[in-house]
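Visitor: Just query.cif, nothing more (mmCIF, C-alpha atoms):
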data_structure
#
loop_
_atom_site.label_atom_id
_atom_site.label_comp_id
_atom_site.auth_asym_id
_atom_site.auth_seq_id
_atom_site.Cartn_x
_atom_site.Cartn_y
_atom_site.Cartn_z
CA MET A 232 80.32 -1.43 240.71
CA ALA A 233 77.05 0.39 240.19
CA SER A 234 77.46 3.52 238.14
CA VAL A 235 74.22 5.11 239.25
CA ALA A 236 73.33 5.70 242.88
CA THR A 237 69.78 5.03 244.00
CA VAL A 238 67.96 5.98 247.16
CA GLY A 239 67.20 3.29 249.70
CA PHE A 240 65.21 3.29 252.90
CA ALA A 241 65.64 6.21 255.28
CA GLY A 242 67.09 8.18 252.39
CA SER A 243 70.30 6.17 252.30
CA VAL A 244 72.27 6.40 249.08
CA ILE A 245 72.82 2.99 247.50
CA ARG A 246 76.09 3.09 245.59
CA SER A 247 76.95 -0.61 245.71
CA SER A 248 75.57 -3.25 243.43
CA LEU A 249 74.16 -6.52 244.70
CA ARG A 250 76.29 -8.35 242.15
CA ASP A 251 79.50 -6.96 243.66
CA LEU A 252 78.51 -8.12 247.12
CA ALA A 253 76.92 -11.46 246.22
CA GLY A 254 80.09 -13.10 244.96
CA ALA A 255 82.30 -12.01 247.85
CA SER A 256 84.14 -14.83 249.58
CA LEU A 257 83.59 -15.04 253.34
CA THR A 258 85.17 -17.29 255.95
CA ARG A 259 83.26 -18.16 259.12
CA LEU A 260 85.03 -17.08 262.32
CA PRO A 261 86.39 -18.24 264.62
CA LEU A 262 88.35 -20.83 262.68
CA ALA A 263 87.96 -24.26 264.23
CA ASP A 264 91.19 -26.06 265.15
CA GLY A 265 92.07 -28.70 262.60
CA ALA A 266 88.93 -28.23 260.53
CA ALA A 267 88.80 -26.81 257.03
CA PRO A 268 87.70 -23.18 257.05
CA GLY A 269 84.03 -22.67 256.28
CA VAL A 270 84.07 -20.50 253.17
CA VAL A 271 80.80 -19.26 251.69
CA ARG A 272 79.67 -16.84 249.02
CA ALA A 273 78.11 -13.74 250.52
CA GLU A 274 74.80 -14.30 248.76
CA THR A 275 74.10 -17.20 251.13
CA LEU A 276 73.68 -14.62 253.91
CA TRP A 277 70.45 -13.30 252.41
CA GLN A 278 69.29 -16.35 250.46
CA GLU A 279 66.57 -17.35 252.94
CA ARG A 280 65.92 -14.08 254.77
CA PRO A 281 67.08 -10.47 254.43
CA ALA A 282 70.31 -9.71 256.26
CA VAL A 283 71.68 -6.81 258.26
CA VAL A 284 75.39 -6.87 257.46
CA LEU A 285 77.66 -4.90 259.77
CA VAL A 286 80.96 -4.22 258.04
CA LEU A 287 83.11 -3.54 261.07
CA ARG A 288 86.28 -1.46 260.88
CA ARG A 289 87.89 -3.29 263.79
CA PRO A 290 86.63 -5.72 266.45
CA GLY A 291 88.78 -4.18 269.19
CA MET B 295 84.24 2.66 269.38
CA CYS B 296 83.74 -0.32 267.07
CA ARG B 297 82.78 -2.59 269.94
CA SER B 298 80.21 -0.06 271.07
CA GLU B 299 78.75 0.10 267.57
CA ALA B 300 78.56 -3.70 267.37
CA MET B 301 77.08 -3.98 270.85
CA ARG B 302 74.35 -1.42 270.15
CA LEU B 303 73.40 -3.18 266.94
CA HIS B 304 73.54 -6.62 268.51
CA ALA B 305 71.19 -5.45 271.26
CA LEU B 306 68.56 -5.12 268.51
CA LYS B 307 68.94 -8.74 267.41
CA PRO B 308 65.61 -9.85 268.94
CA LYS B 309 63.90 -7.15 266.86
CA PHE B 310 65.72 -8.22 263.71
CA ASP B 311 64.74 -11.82 264.44
CA ALA B 312 61.11 -10.80 264.88
CA LEU B 313 61.24 -9.03 261.52
CA GLY B 314 62.74 -12.10 259.86
CA CYS B 315 66.17 -10.59 259.27
CA ASN B 316 69.54 -12.22 259.84
CA LEU B 317 72.28 -10.29 261.59
CA VAL B 318 75.90 -10.85 260.57
CA CYS B 319 79.20 -9.08 261.04
CA LEU B 320 82.15 -8.96 258.66
CA LEU B 321 85.77 -8.29 259.61
CA LYS B 322 88.69 -7.51 257.36
CA GLU B 323 91.33 -9.51 259.21
CA ASN B 324 91.44 -12.56 261.41
CA ILE B 325 93.37 -11.96 264.64
CA PRO B 326 92.34 -14.96 266.75
CA GLU B 327 92.69 -13.22 270.14
CA GLN B 328 90.68 -10.27 268.88
CA VAL B 329 87.96 -12.52 267.49
CA GLU B 330 87.79 -14.47 270.71
CA SER B 331 87.48 -11.41 272.94
CA PHE B 332 84.98 -9.82 270.54
CA LEU B 333 82.75 -12.89 270.66
CA ALA B 334 83.08 -13.42 274.40
CA GLY B 335 83.09 -9.86 275.69
CA SER B 336 80.34 -7.50 276.71
CA GLY B 337 79.68 -3.92 277.68
CA LYS B 338 76.93 -1.80 279.18
CA GLN B 339 74.29 -2.81 276.65
CA GLY B 340 75.11 -6.50 276.41
CA GLU B 341 77.39 -8.67 274.36
CA PHE B 342 79.68 -7.07 271.80
CA TRP B 343 78.52 -9.67 269.34
CA GLY B 344 77.82 -13.03 270.92
CA ALA B 345 79.19 -16.44 270.03
CA ASP B 346 76.00 -17.52 268.27
CA THR B 347 75.64 -14.55 265.95
CA PRO B 348 77.43 -15.11 262.65
CA LEU B 349 80.84 -13.54 262.22
CA TYR B 350 82.82 -13.74 258.98
CA LEU B 351 86.10 -12.67 257.51
CA ASP B 352 85.60 -10.70 254.28
CA ASN B 353 88.44 -12.47 252.48
CA ASP B 354 88.99 -9.91 249.73
CA MET B 355 87.51 -6.91 251.54
CA ALA B 356 84.80 -6.81 248.89
CA PHE B 357 82.27 -5.20 251.23
CA PHE B 358 84.75 -2.59 252.47
CA ARG B 359 85.63 -1.77 248.87
CA ALA B 360 82.00 -1.57 247.78
CA LEU B 361 81.19 0.83 250.63
CA GLY B 362 84.05 3.04 249.49
CA GLY B 363 82.66 3.27 245.97
CA GLY B 364 85.10 0.69 244.60
CA LYS B 365 88.09 1.71 246.74
CA LEU B 366 89.22 1.03 250.27
CA ARG B 367 88.67 4.34 252.03
CA ARG B 368 90.98 5.19 254.90
CA GLY B 369 90.38 7.76 257.56
CA GLY B 370 93.07 10.32 258.25
CA LEU B 371 94.64 12.02 261.22
CA SER B 372 92.46 15.08 260.65
CA SER B 373 89.64 13.13 262.27
CA PHE B 374 91.49 13.45 265.56
CA LEU B 375 92.11 17.19 265.56
CA PRO B 376 90.98 18.85 268.81
CA PHE B 377 87.66 20.10 267.51
CA ALA B 378 86.86 17.22 265.18
CA GLY B 379 83.47 15.51 265.54
CA PHE B 380 85.21 12.32 266.54
CA TRP B 381 85.67 13.52 270.12
CA LYS B 382 82.00 14.34 270.53
CA ARG B 383 81.08 10.87 269.32
CA TYR B 384 83.71 9.31 271.54
CA ALA B 385 82.42 11.18 274.61
CA LYS B 386 78.96 9.70 274.05
CA ILE B 387 80.11 6.09 274.01
CA LYS B 388 83.35 6.04 275.99
CA ASN B 389 81.72 4.46 279.03
CA ASP B 390 79.90 1.79 277.02
CA VAL B 391 82.89 -0.48 276.79
CA THR B 392 85.85 -0.76 279.15
CA ASP B 393 87.58 -3.63 277.40
CA HIS B 394 88.85 -2.28 274.08
CA ASN B 395 92.10 -1.98 272.13
CA LEU B 396 93.62 -0.65 268.92
CA GLU B 397 95.08 -3.90 267.67
CA GLY B 398 94.91 -4.57 263.96
CA GLU B 399 94.10 -2.43 260.96
CA GLY B 400 91.65 0.30 261.90
CA ALA B 401 91.87 2.97 259.24
CA ILE B 402 89.84 1.36 256.44
CA LYS B 403 86.27 2.41 256.98
CA GLY B 404 83.28 0.12 257.18
CA GLY B 405 79.55 0.58 257.33
CA LEU B 406 76.35 -1.40 257.14
CA TYR B 407 74.01 -2.92 254.57
CA VAL B 408 70.49 -4.27 254.67
CA VAL B 409 70.31 -6.75 251.80
CA SER B 410 67.80 -9.24 250.44
CA LYS B 411 67.56 -11.30 247.28
CA ALA B 412 65.71 -8.36 245.75
CA GLY B 413 68.60 -5.96 246.23
CA ILE B 414 70.33 -3.58 248.61
CA HIS B 415 67.74 -1.71 250.66
CA TYR B 416 69.94 0.34 252.94
CA GLU B 417 73.59 1.34 252.80
CA HIS B 418 75.57 3.28 255.35
CA PHE B 419 79.19 4.25 254.82
CA GLU B 420 81.20 5.25 257.89
CA LYS B 421 82.10 8.72 256.64
CA ASP B 422 84.24 9.44 259.68
CA PHE B 423 85.49 7.25 262.51
CA GLY B 424 82.60 6.17 264.69
CA VAL B 425 79.78 7.46 262.48
CA ALA B 426 77.57 4.41 262.83
CA ALA B 427 74.31 3.70 261.06
CA PRO B 428 71.46 5.07 263.18
CA PRO B 429 69.72 2.02 264.70
CA GLU B 430 66.26 3.47 263.97
CA GLU B 431 67.14 3.68 260.28
CA VAL B 432 68.37 0.09 260.22
CA LEU B 433 65.20 -1.09 261.92
CA ALA B 434 63.05 0.97 259.56
CA ALA B 435 64.80 -0.60 256.59
CA CYS B 436 64.20 -4.08 258.00
CA GLU B 437 60.55 -3.29 258.67
CA ALA B 438 60.13 -2.04 255.14
CA VAL B 439 61.77 -5.16 253.71
CA ALA B 440 59.66 -7.40 255.95
CA ASN B 441 56.47 -5.71 254.77
CA LYS B 442 57.27 -6.08 251.07
#
How does this structure look as structure tokens?
Guide:
Amino acid sequence: MASVATVGFAGSVIRSSLRDLAGASLTRLPLADGAAPGVVRAETLWQERPAVVLVLRRPG
Amino acid sequence: MCRSEAMRLHALKPKFDALGCNLVCLLKENIPEQVESFLAGSGKQGEFWGADTPLYLDNDMAFFRALGGGKLRRGGLSSFLPFAGFWKRYAKIKNDVTDHNLEGEGAIKGGLYVVSKAGIHYEHFEKDFGVAAPPEEVLAACEAVANK
């Protein structure tokens, strides 16, 4: 976890570190019947292009 | 409230695409019926998310924890007191979505990141229920990243 906050675009406070996010394990949804779950490291989300990542409290 | 937030952001997908940015959504639990209705449903401003826009389960809640400064941050009942800001926010979006529910864990707060290989460019933590990242700020962050 980053110990020092920095300021991002639109004055947002960046408290997270890229390293903490990059290694996160993500499973693609919905899970396909009978197939192995598609698990990726988060860094693949922004490997080719920047990513807007919505971290949603609840999908309902 | 969450579906409205997702729908409003997803409505900007053509702009994100034009700026060369991916759009993805992370959930903290996999409830198949919820996922299905989230991907298939829509409201006043379009699809909640859309079957073709990436949706992932954050297996260890790493993003939720990072947004909370290393801890999972839960909202409390005080958010729902009669004069709390929640009700004002709810009044603004209550007609956006008719198909919604409270199934699943909904107290751990989320947020939004704009990330590239170079780093985190924008971070928004949902300080109170329904305090979503302003779309104009998210777009501005994407524009800035695209112009780098």
Visitor: Please build the interface table for chain A against chain B with a cut-off of 6 Å, listing for each qualifying residue the nearest atom pair and the distance in Å to one decimal; count all atoms listed in the file, order rows by chain and increasing number, and write it as a Markdown table.
Guide:
| residue | atom | partner | partner_atom | distance |
| --- | --- | --- | --- | --- |
| A:Gly239 | CA | B:His415 | CA | 5.1 |
| A:Phe240 | CA | B:Ala435 | CA | 5.4 |
| A:Ala241 | CA | B:Glu431 | CA | 5.8 |
| A:Ser243 | CA | B:Glu417 | CA | 5.9 |
| A:Ile245 | CA | B:Glu417 | CA | 5.6 |
| A:Ser247 | CA | B:Ala360 | CA | 5.5 |
| A:Leu249 | CA | B:Gly413 | CA | 5.8 |
| A:Ala255 | CA | B:Ala356 | CA | 5.9 |
| A:Ser256 | CA | B:Asn353 | CA | 5.7 |
| A:Leu257 | CA | B:Asp352 | CA | 4.9 |
| A:Thr258 | CA | B:Leu351 | CA | 5.0 |
| A:Arg259 | CA | B:Tyr350 | CA | 4.4 |
| A:Leu260 | CA | B:Tyr350 | CA | 5.2 |
| A:Trp277 | CA | B:Ser410 | CA | 5.2 |
| A:Arg280 | CA | B:Cys315 | CA | 5.7 |
| A:Pro281 | CA | B:Ser410 | CA | 4.2 |
| A:Ala282 | CA | B:Asn316 | CA | 4.4 |
| A:Val283 | CA | B:Val408 | CA | 4.6 |
| A:Val284 | CA | B:Val318 | CA | 5.1 |
| A:Leu285 | CA | B:Leu406 | CA | 4.6 |
| A:Val286 | CA | B:Leu320 | CA | 4.9 |
| A:Leu287 | CA | B:Gly404 | CA | 5.3 |
| A:Arg288 | CA | B:Gly404 | CA | 5.0 |
| A:Arg289 | CA | B:Gly400 | CA | 5.5 |
| A:Gly291 | CA | B:Asn395 | CA | 5.0 |
Visitor: To box stretch 276-284 of chain A, take all atoms listed in the file, fit an axis-aligned box, add 8 Å on each side, and give centre and edge lengths in Å to one decimal, as JSON.
Guide:
{"center_x": 70.7, "center_y": -12.1, "center_z": 254.4, "size_x": 25.5, "size_y": 26.5, "size_z": 23.8}
Visitor: Tell me which of B:Ile387, B:Val425, B:Met301, B:Leu371 sits closest to B:Gly344, counting only C-alpha atoms.
Guide: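 The closest residue to B:Gly344 is B:Met301.
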Visitor: Hey, which of A:Ala273, A:Leu262, A:Pro268, A:Val238 ends up closest to A:Arg250? Count all atoms listed in the file.
Guide: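 Closest to A:Arg250 of all the choices is A:Ala273.
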Visitor: Could you tell me how far atom CA of A:Val271 lies from atom CA of A:Leu252, in Å and to one decimal?
Guide: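 These two atoms are separated by 12.3 Å.
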Visitor: Quote the spacing between atom CA of B:Gly337 and atom CA of B:Asn389 in Å to one decimal place.
Guide: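 Atom-to-atom, atom CA of B:Gly337 and atom CA of B:Asn389 are spaced 8.7 Å apart.
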Visitor: Measure the distance from atom CA of A:Leu276 to atom CA of A:Gly254 in Å and round it to one decimal.
Guide: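 Calculated distance between atom CA of A:Leu276 and atom CA of A:Gly254 is 11.1 Å.
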